[in-house]
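Heads up, the thing below is written out as structure tokens.
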Amino acid sequence: MNHDRAIARQRKRRTFRVRKRIHGTPARPRMTVFRSHKHTYVQVIDDSAGHTVVAVSTRDKDLSGQVRYGGNKAAAQAVGKAIAERALAAGIKRVAFDRGSCQYHGRVEALAAAAREAGLEF
């Protein structure tokens, strides 16, 4: 079996395992995290309506000036703070945290801690 295909299959299984327990509602939408080697992406999604309420990434124009490289903990903290500010501006105070296929460790943990400090409740 191709190694890349096996890794992708494992990642997909982990994502499904995490998401079968988490569902976003209008009162408590789902905050999902995706990280690549170079960038970090976060979305706040209302699953009942099927649309993204707020989204932030290290590729955004306002964050690209603050962050030199998007694949480290400092960038994840900046994204966590930005997503919390935008979510609070949109009237969202509580979210369900969806780590996707990533461990709650490193960049994902730093992002979550920064979002909590900025005022979001998980």
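In the structure tokens, each chain is lettered A, B, ... as it comes, each chain's residues begin at 1, and ligands are numbered from 1 in order of appearance.
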Strand (DSSP E or B) positions in segment 5-110 of chain A, given as a list in words: Arg30, Met31, Thr32, Val33, Phe34, Arg35, Thr40, Tyr41, Val42, Gln43, Val44, Ile45, Asp46, His51, Thr52, Val53, Val54, Ala55, Val56, Ser57, Arg94, Ala96, Phe97 and Asp98 of chain A
Take the residues from that selection and put them in a file with N, CA, C and O atoms, as a CSV table (one decimal), in the first residue's frame.
```csv
chain,number,residue,atom,x,y,z
A,30,ARG,N,-19.3,25.1,16.0
A,30,ARG,CA,-18.1,24.2,16.1
A,30,ARG,C,-16.9,25.1,15.6
A,30,ARG,O,-17.0,25.7,14.5
A,31,MET,N,-15.8,25.1,16.3
A,31,MET,CA,-14.6,25.8,15.9
A,31,MET,C,-13.6,24.7,15.5
A,31,MET,O,-13.1,23.9,16.3
A,32,THR,N,-13.3,24.6,14.2
A,32,THR,CA,-12.5,23.6,13.7
A,32,THR,C,-11.1,24.2,13.3
A,32,THR,O,-11.0,25.3,12.8
A,33,VAL,N,-10.1,23.4,13.5
A,33,VAL,CA,-8.7,23.8,13.2
A,33,VAL,C,-8.1,22.9,12.1
A,33,VAL,O,-8.3,21.6,12.2
A,34,PHE,N,-7.4,23.5,11.2
A,34,PHE,CA,-6.6,22.7,10.2
A,34,PHE,C,-5.3,23.4,10.2
A,34,PHE,O,-5.1,24.6,10.1
A,35,ARG,N,-4.3,22.5,10.2
A,35,ARG,CA,-2.9,23.1,10.2
A,35,ARG,C,-2.1,22.3,9.1
A,35,ARG,O,-2.2,21.1,8.9
A,40,THR,N,-1.9,27.9,9.4
A,40,THR,CA,-2.9,27.5,10.3
A,40,THR,C,-4.3,28.1,10.0
A,40,THR,O,-4.3,29.3,9.7
A,41,TYR,N,-5.3,27.3,9.9
A,41,TYR,CA,-6.6,27.8,9.5
A,41,TYR,C,-7.6,27.5,10.6
A,41,TYR,O,-7.6,26.3,11.1
A,42,VAL,N,-8.5,28.4,10.9
A,42,VAL,CA,-9.6,28.1,11.9
A,42,VAL,C,-10.9,28.7,11.3
A,42,VAL,O,-11.0,29.7,10.7
A,43,GLN,N,-12.0,27.9,11.5
A,43,GLN,CA,-13.3,28.3,11.1
A,43,GLN,C,-14.3,28.1,12.3
A,43,GLN,O,-14.1,27.1,13.0
A,44,VAL,N,-15.3,28.9,12.4
A,44,VAL,CA,-16.4,28.7,13.3
A,44,VAL,C,-17.6,28.4,12.5
A,44,VAL,O,-18.0,29.2,11.7
A,45,ILE,N,-18.1,27.2,12.6
A,45,ILE,CA,-19.1,26.7,11.7
A,45,ILE,C,-20.4,26.4,12.4
A,45,ILE,O,-20.4,25.7,13.5
A,46,ASP,N,-21.5,26.8,11.9
A,46,ASP,CA,-22.9,26.5,12.3
A,46,ASP,C,-23.3,25.3,11.5
A,46,ASP,O,-23.7,25.5,10.3
A,51,HIS,N,-23.2,26.7,7.3
A,51,HIS,CA,-22.4,27.8,6.8
A,51,HIS,C,-21.3,28.2,7.8
A,51,HIS,O,-21.5,28.0,9.0
A,52,THR,N,-20.3,28.8,7.3
A,52,THR,CA,-19.2,29.3,8.2
A,52,THR,C,-19.5,30.7,8.7
A,52,THR,O,-19.8,31.6,7.9
A,53,VAL,N,-19.4,30.9,10.0
A,53,VAL,CA,-19.8,32.1,10.6
A,53,VAL,C,-18.6,33.1,10.5
A,53,VAL,O,-18.7,34.2,10.1
A,54,VAL,N,-17.4,32.6,11.0
A,54,VAL,CA,-16.2,33.3,11.1
A,54,VAL,C,-15.0,32.5,10.7
A,54,VAL,O,-15.0,31.3,11.0
A,55,ALA,N,-14.0,33.0,10.0
A,55,ALA,CA,-12.9,32.3,9.6
A,55,ALA,C,-11.6,33.2,9.7
A,55,ALA,O,-11.7,34.4,9.4
A,56,VAL,N,-10.5,32.6,10.1
A,56,VAL,CA,-9.2,33.3,10.2
A,56,VAL,C,-8.1,32.3,9.8
A,56,VAL,O,-8.2,31.1,10.1
A,57,SER,N,-7.1,32.8,9.2
A,57,SER,CA,-5.9,32.0,8.9
A,57,SER,C,-4.7,32.8,8.9
A,57,SER,O,-4.8,34.1,8.9
A,94,ARG,N,-19.5,31.1,23.1
A,94,ARG,CA,-19.2,29.7,23.4
A,94,ARG,C,-19.1,28.9,22.1
A,94,ARG,O,-19.9,29.0,21.2
A,96,ALA,N,-17.7,24.8,20.4
A,96,ALA,CA,-17.3,23.4,20.6
A,96,ALA,C,-16.0,23.2,19.8
A,96,ALA,O,-16.0,23.5,18.6
A,97,PHE,N,-14.9,22.9,20.5
A,97,PHE,CA,-13.6,22.8,19.8
A,97,PHE,C,-13.4,21.5,19.1
A,97,PHE,O,-13.6,20.5,19.7
A,98,ASP,N,-13.1,21.6,17.8
A,98,ASP,CA,-12.9,20.5,16.9
A,98,ASP,C,-11.5,20.5,16.5
A,98,ASP,O,-11.1,21.3,15.7
```
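Excluding Lys93 of chain A and any residue on its chain fewer than 5 positions from it, the residues at most 7 Å away by only C-alpha atoms are A:Leu88, A:Leu120, A:Glu121.
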Mind writing the picked residues with N, CA, C and O atoms as a PDB file, in the first residue's frame?
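The file below, result.pdb, is the result:
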```pdb
ATOM      1  N   LEU A  88     -16.374  37.021  18.942  1.00  0.00           N
ATOM      2  CA  LEU A  88     -17.061  37.868  19.905  1.00  0.00           C
ATOM      3  C   LEU A  88     -17.755  39.034  19.211  1.00  0.00           C
ATOM      4  O   LEU A  88     -18.845  39.442  19.608  1.00  0.00           O
ATOM      5  N   LEU A 120     -13.137  33.460  24.477  1.00  0.00           N
ATOM      6  CA  LEU A 120     -14.022  32.366  24.036  1.00  0.00           C
ATOM      7  C   LEU A 120     -14.117  31.296  25.104  1.00  0.00           C
ATOM      8  O   LEU A 120     -13.141  31.026  25.809  1.00  0.00           O
ATOM      9  N   GLU A 121     -15.270  30.682  25.207  1.00  0.00           N
ATOM     10  CA  GLU A 121     -15.474  29.569  26.142  1.00  0.00           C
ATOM     11  C   GLU A 121     -15.620  28.288  25.349  1.00  0.00           C
ATOM     12  O   GLU A 121     -16.373  28.227  24.388  1.00  0.00           O
TER      13      GLU A 121
END
```
Nearby residues (only C-alpha atoms) at most 12 Å from Gly65 of chain A, same-chain spacing under 6 positions excluded, as a list in words: Thr58, Arg59, Ala75 and Ala78 of chain A
Write the selection just made, keeping C-alpha atoms, as a PDB file, in the first residue's frame?
```pdb
ATOM      1  CA  THR A  58      -2.301  32.977   8.802  1.00  0.00           C
ATOM      2  CA  ARG A  59      -2.830  33.824   5.144  1.00  0.00           C
ATOM      3  CA  ALA A  75       1.386  32.200  14.548  1.00  0.00           C
ATOM      4  CA  ALA A  78      -2.072  35.126  16.811  1.00  0.00           C
TER       5      ALA A  78
END
```
Non-local contacts of segment 9-22 of chain A (6 Å; only C-alpha atoms; under 3 positions in same chain excluded) as a VMD selection string: chain A and resid 6 100 to 101
All residues 9 Å or closer to His37 of chain A, only C-alpha atoms, same chain fewer than 5 positions away omitted, as a list in words: Gly70, Gly71 and Asn72 of chain A
For the residues selected in the previous step, produce a file with N, CA, C and O atoms as a PDB file, in the first residue's frame.
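This is the output file part_20.pdb:
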```pdb
ATOM      1  N   GLY A  70       3.823  31.095   9.214  1.00  0.00           N
ATOM      2  CA  GLY A  70       2.528  30.643   9.696  1.00  0.00           C
ATOM      3  C   GLY A  70       2.494  29.269  10.325  1.00  0.00           C
ATOM      4  O   GLY A  70       1.447  28.826  10.762  1.00  0.00           O
ATOM      5  N   GLY A  71       3.610  28.562  10.390  1.00  0.00           N
ATOM      6  CA  GLY A  71       3.605  27.192  10.884  1.00  0.00           C
ATOM      7  C   GLY A  71       4.263  27.006  12.230  1.00  0.00           C
ATOM      8  O   GLY A  71       4.898  25.987  12.470  1.00  0.00           O
ATOM      9  N   ASN A  72       4.151  27.999  13.126  1.00  0.00           N
ATOM     10  CA  ASN A  72       4.737  27.842  14.450  1.00  0.00           C
ATOM     11  C   ASN A  72       3.735  28.262  15.529  1.00  0.00           C
ATOM     12  O   ASN A  72       2.623  28.684  15.232  1.00  0.00           O
TER      13      ASN A  72
END
```
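Within the 10 Å cut-off around Ala112 of chain A, using only C-alpha atoms and omitting residues fewer than 3 positions from it on the same chain, the listed residues are Met31, Val33, Ala76, Gln77, Val79, Gly80, Lys81, Ala84, Phe97, Arg99, Tyr104, His105, Arg107, Val108, Glu109, Ala115, Arg116, Glu117, Ala118, Leu120, Glu121 and Phe122 of chain A.
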Gap from atom CA of Thr25 of chain A to atom CA of Glu85 of chain A - Å, one decimal: 19.6 Å
Those in chain A with alpha helix (DSSP H) from DSSP, as a VMD selection string: chain A and resid 3 to 19 61 to 64 73 to 89 107 to 117
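With atom CA of Asp47 of chain A on one side and atom CA of Val95 of chain A on the other, the separation reads 11.9 Å.
Taking atom CA of Lys38 of chain A as the reference point, atom CA of Gly119 of chain A is found at 26.5 Å.
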